[in-house]
>>> print(open('upload.txt').read())   # compact mmCIF, C-alpha atoms and all ligand atoms
# COMPACT_ATOMS: atom_id res chain seq x y z
CA MET P 1 93.18 103.92 71.47
CA ASN P 2 95.77 106.25 72.94
CA SER P 3 94.88 109.91 72.37
CA ILE P 4 96.84 113.15 72.74
CA LEU P 5 93.91 114.25 74.93
CA THR P 6 94.46 111.47 77.51
CA ASN P 7 95.59 112.92 80.88
CA ARG P 8 95.60 116.44 79.42
CA PRO P 9 92.37 117.92 80.79
CA LEU P 10 93.01 121.49 79.62
CA LEU P 11 93.75 120.42 76.04
CA ALA P 12 90.81 118.00 76.12
CA ALA P 13 88.54 120.84 77.31
CA GLU P 14 89.53 123.00 74.30
CA VAL P 15 88.91 120.18 71.83
CA ASN P 16 85.63 119.33 73.57
CA LYS P 17 84.51 122.95 73.09
CA VAL P 18 85.13 122.52 69.36
CA ALA P 19 83.09 119.30 69.41
CA GLU P 20 80.24 121.00 71.30
CA VAL P 21 80.22 123.91 68.85
CA ALA P 22 80.31 121.51 65.88
CA GLY P 23 77.14 119.89 67.24
CA TYR P 24 75.42 123.28 67.53
CA LEU P 25 76.41 124.21 63.96
CA TRP P 26 74.86 120.99 62.68
CA GLN P 27 71.69 121.37 64.78
CA LYS P 28 71.21 124.93 63.53
CA GLY P 29 71.43 123.82 59.92
CA TRP P 30 74.59 125.86 59.39
CA ALA P 31 76.84 122.88 58.57
CA GLU P 32 75.45 120.86 55.67
CA ARG P 33 77.68 118.02 54.43
CA ASN P 34 81.32 119.05 55.17
CA GLY P 35 80.45 122.77 55.47
CA GLY P 36 82.47 124.96 57.76
CA ASN P 37 85.83 124.83 59.51
CA ILE P 38 87.21 125.36 63.00
CA THR P 39 90.87 125.93 63.86
CA VAL P 40 92.19 126.48 67.41
CA ASN P 41 95.67 127.54 68.49
CA ILE P 42 96.46 125.04 71.28
CA THR P 43 100.15 125.95 71.72
CA GLU P 44 99.63 126.98 75.38
CA TYR P 45 98.64 123.38 76.24
CA VAL P 46 101.66 121.77 74.60
CA ASP P 47 104.06 120.02 77.00
CA GLU P 48 107.44 118.40 76.41
CA ALA P 49 105.87 115.03 75.64
CA ILE P 50 103.81 116.59 72.85
CA GLN P 51 106.87 118.45 71.54
CA ALA P 52 108.64 115.08 71.34
CA MET P 53 105.81 113.34 69.49
CA PRO P 54 106.86 112.12 66.04
CA ALA P 55 105.08 113.26 62.90
CA ILE P 56 102.45 110.88 61.53
CA SER P 57 102.37 112.58 58.11
CA GLU P 58 104.82 113.94 55.60
CA ALA P 59 105.70 117.63 55.91
CA LYS P 60 103.15 119.52 53.83
CA PRO P 61 103.24 123.11 52.58
CA ILE P 62 100.80 125.54 54.21
CA GLY P 63 100.69 127.66 51.05
CA ALA P 64 102.00 130.73 52.88
CA THR P 65 104.98 131.66 55.06
CA LEU P 66 103.70 132.70 58.49
CA PRO P 67 106.61 133.77 60.75
CA HIS P 68 104.59 134.17 63.94
CA LEU P 69 103.49 130.53 63.84
CA LYS P 70 106.96 129.10 64.49
CA GLY P 71 106.59 126.29 67.05
CA CYS P 72 102.81 126.62 67.18
CA TYR P 73 100.31 123.76 67.38
CA PHE P 74 96.73 123.78 66.12
CA TYR P 75 93.68 121.56 66.33
CA CYS P 76 91.98 121.69 62.89
CA LYS P 77 88.82 120.15 61.52
CA GLY P 78 89.65 117.66 58.78
CA THR P 79 88.98 118.40 55.14
CA ASN P 80 85.79 116.73 53.87
CA LYS P 81 84.77 115.85 57.44
CA ARG P 82 81.29 116.56 58.77
CA MET P 83 80.61 118.82 61.78
CA ARG P 84 78.00 116.33 62.97
CA ASP P 85 80.66 113.60 63.05
CA LEU P 86 83.25 115.88 64.66
CA ALA P 87 80.72 116.58 67.43
CA ARG P 88 80.97 112.95 68.53
CA TRP P 89 84.48 112.00 67.43
CA PRO P 90 86.70 115.12 67.37
CA MET P 91 89.96 113.22 67.00
CA ALA P 92 88.72 111.11 64.09
CA ASN P 93 87.39 114.16 62.21
CA GLY P 94 90.16 116.60 63.03
CA SER P 95 93.83 116.48 63.94
CA VAL P 96 96.63 118.25 65.80
CA ILE P 97 99.31 119.79 63.59
CA ARG P 98 102.77 121.21 64.37
CA ILE P 99 104.08 124.16 62.36
CA LEU P 100 107.67 123.45 61.28
CA ASP P 101 110.58 125.85 61.73
CA ASP P 102 110.40 127.10 58.13
CA CYS P 103 106.98 128.57 59.10
CA ALA P 104 105.75 127.42 55.69
CA SER P 105 104.96 123.75 56.31
CA TYR P 106 103.39 121.50 58.91
CA VAL P 107 103.11 117.89 60.02
CA ILE P 108 100.22 116.04 61.63
CA ILE P 109 101.16 114.64 65.06
CA ALA P 110 97.88 113.23 66.50
CA ASP P 111 95.69 111.24 66.79
CA GLN P 112 95.23 110.05 63.19
CA PRO P 113 96.55 111.35 59.84
CA VAL P 114 93.40 113.40 59.15
CA GLN P 115 94.22 116.01 56.50
CA PRO P 116 93.32 119.51 57.81
CA THR P 117 90.64 121.80 56.36
CA SER P 118 90.77 123.10 52.77
CA GLU P 119 90.72 126.60 54.28
CA LEU P 120 93.97 125.96 56.24
CA PRO P 121 95.95 128.78 54.52
CA SER P 122 93.29 131.38 55.40
CA HIS P 123 92.75 130.07 58.96
CA LEU P 124 96.50 129.96 59.67
CA SER P 125 97.09 133.38 58.04
CA VAL P 126 94.48 134.80 60.39
CA HIS P 127 96.14 133.12 63.41
CA ASN P 128 99.52 134.51 62.30
CA GLN P 129 97.97 137.99 62.24
CA LEU P 130 96.30 137.52 65.66
CA ILE P 131 99.65 136.59 67.24
CA ALA P 132 101.39 139.52 65.50
CA LYS P 133 98.82 141.88 67.05
CA GLY P 134 99.17 140.34 70.53
CA SER P 135 95.50 139.31 70.40
CA PRO P 136 94.16 136.91 73.07
CA TYR P 137 92.04 135.22 70.36
CA LYS P 138 92.83 131.53 69.82
CA ALA P 139 89.94 130.22 67.70
CA SER P 140 88.61 130.77 64.18
CA VAL P 141 85.21 129.44 63.11
CA HIS P 142 83.79 129.40 59.57
CA THR P 143 80.15 128.36 59.13
CA HIS P 144 77.07 128.87 56.90
CA PRO P 145 74.33 130.62 59.00
CA ILE P 146 71.19 130.57 56.86
CA GLU P 147 69.53 133.91 57.65
CA LEU P 148 72.76 135.95 57.67
CA ILE P 149 73.77 134.49 54.30
CA ALA P 150 70.28 135.23 52.92
CA MET P 151 70.75 138.91 53.81
CA THR P 152 73.87 139.08 51.61
CA HIS P 153 71.75 138.32 48.54
CA CYS P 154 70.40 141.89 48.88
CA PRO P 155 72.88 144.61 47.76
CA LYS P 156 71.77 147.11 50.42
CA TYR P 157 73.08 144.84 53.19
CA LEU P 158 76.50 144.72 51.55
CA GLU P 159 77.04 148.43 52.18
CA LYS P 160 79.34 149.17 55.08
CA ASP P 161 77.65 148.68 58.48
CA VAL P 162 74.08 148.62 57.10
CA ALA P 163 73.58 144.99 58.21
CA THR P 164 75.49 145.67 61.47
CA ASN P 165 73.20 148.55 62.45
CA LEU P 166 70.05 146.65 61.53
CA LEU P 167 71.16 143.56 63.49
CA TRP P 168 72.30 145.58 66.52
CA SER P 169 68.90 147.35 66.58
CA MET P 170 66.85 144.14 66.84
CA ILE P 171 67.74 143.24 70.48
CA PRO P 172 70.22 144.88 72.92
CA GLU P 173 72.26 141.69 73.43
CA THR P 174 73.56 141.71 69.87
CA LYS P 175 75.50 144.96 70.29
CA ALA P 176 76.61 143.89 73.78
CA PHE P 177 77.97 140.51 72.66
CA CYS P 178 79.07 141.34 69.11
CA PRO P 179 80.28 144.87 69.81
CA ARG P 180 82.45 145.27 66.70
CA GLY P 181 79.62 144.26 64.35
CA LEU P 182 79.65 142.32 61.08
CA GLY P 183 82.25 143.10 58.42
CA ILE P 184 81.31 142.44 54.79
CA ILE P 185 83.51 140.89 52.11
CA PRO P 186 82.23 140.91 48.50
CA TYR P 187 81.98 137.45 46.90
CA LYS P 188 85.29 135.67 46.29
CA LEU P 189 86.16 132.11 45.37
CA PRO P 190 86.18 129.82 48.47
CA SER P 191 89.71 128.88 49.66
CA SER P 192 91.28 131.58 47.45
CA VAL P 193 94.24 133.77 48.42
CA GLU P 194 92.05 136.81 47.64
CA LEU P 195 89.44 135.67 50.16
CA ALA P 196 92.09 135.04 52.83
CA GLY P 197 93.63 138.51 52.26
CA ALA P 198 90.27 140.29 52.39
CA THR P 199 89.36 138.37 55.56
CA MET P 200 92.57 139.47 57.29
CA ARG P 201 91.95 143.11 56.32
CA GLU P 202 88.34 143.07 57.54
CA LEU P 203 89.28 141.37 60.84
CA GLU P 204 91.25 144.53 61.70
CA ASP P 205 87.87 146.18 62.36
CA TYR P 206 85.48 143.29 63.08
CA ASP P 207 85.48 139.96 64.96
CA VAL P 208 82.90 138.44 62.59
CA VAL P 209 83.09 138.89 58.83
CA MET P 210 80.58 137.83 56.20
CA TRP P 211 81.69 136.24 52.96
CA GLU P 212 78.94 137.35 50.54
CA LYS P 213 76.60 134.47 49.55
CA HIS P 214 78.83 131.96 51.40
CA GLY P 215 79.15 132.25 55.20
CA VAL P 216 80.79 133.91 58.16
CA PHE P 217 84.30 133.79 59.59
CA ALA P 218 84.64 134.64 63.30
CA VAL P 219 87.52 134.87 65.76
CA ASP P 220 87.48 134.91 69.57
CA VAL P 221 89.22 133.51 72.65
CA ASP P 222 87.83 130.02 72.04
CA ALA P 223 85.46 128.18 69.68
CA MET P 224 82.49 128.73 72.03
CA ALA P 225 82.96 132.50 72.19
CA ALA P 226 83.36 132.74 68.39
CA PHE P 227 80.16 130.70 68.01
CA ASP P 228 78.33 133.03 70.46
CA GLN P 229 79.15 136.09 68.35
CA ILE P 230 77.75 134.43 65.21
CA ASP P 231 74.73 133.14 67.16
CA VAL P 232 73.68 136.58 68.47
CA LEU P 233 73.97 138.08 64.98
CA ASN P 234 71.87 135.32 63.42
CA LYS P 235 69.31 135.62 66.27
CA SER P 236 68.87 139.28 65.27
CA ALA P 237 68.39 138.26 61.63
CA LEU P 238 65.68 135.82 62.77
CA ILE P 239 63.90 138.53 64.79
CA TYR P 240 63.96 140.80 61.72
CA ILE P 241 62.50 138.04 59.54
CA ALA P 242 59.85 137.19 62.16
CA ALA P 243 58.70 140.82 62.21
CA LYS P 244 58.62 140.93 58.37
CA ASN P 245 56.62 137.69 58.36
CA MET P 246 54.12 139.34 60.74
CA GLY P 247 53.63 141.88 57.97
CA PHE P 248 55.53 144.96 59.20
CA GLU P 249 58.97 146.55 59.01
CA PRO P 250 60.37 146.52 62.57
CA ASP P 251 61.36 149.94 63.99
CA GLY P 252 64.48 148.59 65.70
CA MET P 253 66.07 150.26 68.69
CA SER P 254 66.79 153.97 68.11
CA GLN P 255 70.33 155.32 67.59
CA LEU P 256 69.98 156.91 71.03
CA GLN P 257 69.10 153.59 72.67
CA MET P 258 72.09 151.94 70.96
CA GLN P 259 74.45 154.74 72.06
CA GLU P 260 73.14 154.27 75.60
CA MET P 261 74.10 150.55 75.31
CA SER P 262 77.63 151.46 74.18
CA VAL P 263 78.13 153.75 77.20
CA ALA P 264 76.56 151.33 79.72
CA PHE P 265 78.58 148.33 78.44
CA ASN P 266 81.74 150.30 77.54
CA LEU P 267 81.58 149.02 73.95
CA PRO P 268 84.16 149.91 71.27
CA LYS P 269 81.67 151.33 68.71
O1 LIG P 301 85.18 123.41 54.28
O2 LIG P 301 82.73 125.60 54.17
O3 LIG P 301 84.24 127.15 52.63
C1 LIG P 301 83.94 123.65 53.83
C2 LIG P 301 83.69 125.09 53.64
C3 LIG P 301 84.63 125.86 52.80
ZN ZN P 302 82.15 127.58 53.61
>>> encode(input="upload.txt", output="structure tokens")
Amino acid sequence: MNSILTNRPLLAAEVNKVAEVAGYLWQKGWAERNGGNITVNITEYVDEAIQAMPAISEAKPIGATLPHLKGCYFYCKGTNKRMRDLARWPMANGSVIRILDDCASYVIIADQPVQPTSELPSHLSVHNQLIAKGSPYKASVHTHPIELIAMTHCPKYLEKDVATNLLWSMIPETKAFCPRGLGIIPYKLPSSVELAGATMRELEDYDVVMWEKHGVFAVDVDAMAAFDQIDVLNKSALIYIAAKNMGFEPDGMSQLQMQEMSVAFNLPK
């Protein structure tokens, strides 16, 4: 079958990164059933032939008016699709959409009329904000990392930067590769406007935010980099749990050792 990815190696590489990440999410046990979503702004790979491609769906409302998305194109995981299926067949379990000139609706253009993620309004609102800020970030990833979610069932880890400092202190790499830490958003209904708004506010200060008792939402230059930030945080949670299972409370790196990291790696916090 003809695919939008055919003879477009740069676009295919971006979609293949999403597929690779989807496989990791499944293997890690972070993507049960249809859990999680990935959306990537692929506008930079759009050529005249793509711009001329006809819609293969009706125009559908986004649920928000997002002025910075005018003329943008996104690859989105399909609603009710499984990450483990997307890993093998990204264009049968996700689709490419074009934002229409009203900035409030979209059409699907390729490869198949796969309806995008239930979290489309929040993912696209975040992308609108990233463009408004001039951010280089092009990908948003939502997933259900077991150990990080477990931590949010304990009120002390919901206090500002308590989880961040604990996770940073478990291994130097976590502060180096997730230098803005983990933002926390108190429980809100999945897919709600309230959750989308809180996510946008928290992403002003963090690249990865935790939805209490639900999952994380991360942004970065591509799907792989967003995955890496979540992966280092969850690795720290696993080290913490391993130490607890050995019967002791881990000391963690000292504040001095973490400050030394920030200076050596020129980190923002
Ligand atoms: O799309 O994880 O929160 C499945 C989800 C929604
Ligand atoms: Zn979810």
>>> residues_around(input="upload.txt", residues="stretch 145-156 of chain P", least_positions_apart="5", cutoff="8 Å", atoms="all atoms listed in the file", output="PyMOL selection string")
chain P and resi 28-30+162+210+212-216+233-234+237-238
>>> residues_near_ligand(input="upload.txt", ligand="ligand ZN 302 (chain P)", cutoff="9 Å", atoms="all atoms listed in the file", output="JSON, numbers by chain")
{"P": [31, 34, 35, 36, 37, 119, 142, 143, 144, 190, 191, 211, 214, 215, 216, 217]}
>>> residues_near_point(input="upload.txt", point="(84.9, 116.1, 66.0)", cutoff="9 Å", atoms="all atoms listed in the file", output="PyMOL selection string")
chain P and resi 15-16+18-20+22-23+77-78+81-94
>>> atom_distance(input="upload.txt", atom1="atom CA of P:Gly252", atom2="atom CA of P:Lys175")
12.5 Å
>>> atom_distance(input="upload.txt", atom1="atom CA of P:Ser140", atom2="atom CA of P:Leu124")
9.1 Å
>>> residues_around(input="upload.txt", residues="P:Gln129", least_positions_apart="2", cutoff="10 Å", atoms="all atoms listed in the file", output="list in words")
Leu66, Pro67, His68, Leu69, Leu124, Ser125, Val126, His127, Ile131, Ala132, Lys133, Gly134, Ser135, Met200, Arg201, Leu203 and Glu204 of chain P
>>> closest_residue(input="upload.txt", among="P:His123, P:Pro186, P:Met253, P:Tyr24", to="ligand LIG 301 (chain P)", atoms="all atoms listed in the file")
P:His123
>>> closest_residue(input="upload.txt", among="P:Tyr206, P:Arg33, P:Val114, P:Val141", to="P:Phe227", atoms="only C-alpha atoms")
P:Val141
>>> closest_residue(input="upload.txt", among="P:Ile38, P:Val208, P:Ile230, P:Leu256", to="ligand LIG 301 (chain P)", atoms="only C-alpha atoms and all ligand atoms")
P:Ile38
>>> closest_residue(input="upload.txt", among="P:Val232, P:Leu195, P:Ala139, P:Val219", to="ligand LIG 301 (chain P)", atoms="all atoms listed in the file")
P:Leu195
>>> closest_residue(input="upload.txt", among="P:Pro61, P:Gly247, P:Pro116, P:Pro136", to="ligand LIG 301 (chain P)", atoms="all atoms listed in the file")
P:Pro116
>>> closest_residue(input="upload.txt", among="P:Ala52, P:Cys103, P:Leu189, P:Ile241", to="ligand LIG 301 (chain P)", atoms="all atoms listed in the file")
P:Leu189
>>> residues_around(input="upload.txt", residues="P:Tyr73", least_positions_apart="5", cutoff="9 Å", atoms="all atoms listed in the file", output="PyMOL selection string")
chain P and resi 40-44+46+96-99
>>> atom_distance(input="upload.txt", atom1="atom CA of P:Met258", atom2="atom CA of P:Cys178")
12.8 Å
>>> residues_around(input="upload.txt", residues="P:Tyr240", least_positions_apart="3", cutoff="9 Å", atoms="all atoms listed in the file", output="PyMOL selection string")
chain P and resi 166-167+170+235-237+243-245+249-250+252
